[in-house]
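Here the structure comes first, spelled out in structure tokens, and everything after it is commentary.
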Amino acid sequence: MKFGTPDLVFLLATVLIMYFLFFLPQRRKQQALNKMMSSLKRGDKVLTNSGIYGEIYAVRENVITLEFHGGTRIDFDKSAISQVVVDKKEDKT
């Protein structure tokens, strides 16, 4: 089976389209997640992957201690943090 120039161009175009549609957005999302993880600090309000809201009490290499209403503190793996929560009430002040 022979491949001609049109076949090669089509194959190359398909690979480029897949890169821009699938791999590039995933890479950007991972970079944003890594940036968020490295900027976590005490006092940030966060949401875990399991839906638990808490405030960061302590940050260690791969462990985050969250403090909840009532003073309860629980250690989480850093990868369990899904996002930093912005309190809209605090933004208006």
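Letters for chains follow the order of the structure tokens (A, B, ...), residue numbers begin at 1 for each chain, and ligand numbers begin at 1 in the order shown.
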Residue set, chain A restricted to strand (DSSP E), as a list in words: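 Residues meeting the strand (DSSP E) criterion: Lys45, Val46, Leu47, Thr48, Tyr53, Gly54, Glu55, Ile56, Tyr57, Ala58, Val59, Val63, Ile64, Thr65, Leu66, Glu67, Arg73, Ile74, Asp75, Phe76, Asp77, Ile81, Ser82, Gln83 and Val84 of chain A.
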A:Val46 environment, 8 Å, only C-alpha atoms, sequence neighbours closer than 3 positions dropped, as a list in words: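 My reading of the contact set: Tyr53, Gly54, Glu55, Ile56, Ile81, Ser82, Gln83, Val84 and Val85 of chain A.
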Residues of the last selection are to be written out with C-alpha atoms, as a compact mmCIF listing (two decimals), in the first residue's frame.
# COMPACT_ATOMS: atom_id res chain seq x y z
CA TYR A 53 -14.97 23.51 52.57
CA GLY A 54 -12.29 24.57 55.02
CA GLU A 55 -9.63 27.12 55.81
CA ILE A 56 -5.97 26.24 55.51
CA ILE A 81 -7.59 20.44 47.13
CA SER A 82 -9.64 21.23 44.04
CA GLN A 83 -9.92 25.01 44.23
CA VAL A 84 -9.42 28.12 46.27
CA VAL A 85 -12.78 29.63 47.20
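A straight line drawn from atom CA of A:Ala32 to atom CA of A:Thr72 is 29.7 Å long.
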Helix (DSSP H, G or I) call set, DSSP backbone run, chain A, as a ChimeraX atom specification: /A:5-38,78-80,88-91
Pick from A:His69, A:Arg42, A:Leu8, A:Ile74, whichever lies nearest to A:Tyr57 using only C-alpha atoms: A:Arg42
Nearest to A:Glu61, chosen from A:Arg28, A:Lys41, A:Lys78, A:Arg73, with only C-alpha atoms counted in the distances: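 Between A:Arg28, A:Lys41, A:Lys78, A:Arg73, the residue approaching A:Glu61 most closely is A:Lys78.
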Atom-to-atom span, atom CA of A:Asn34 and atom CA of A:Asp87, Å: 21.9 Å
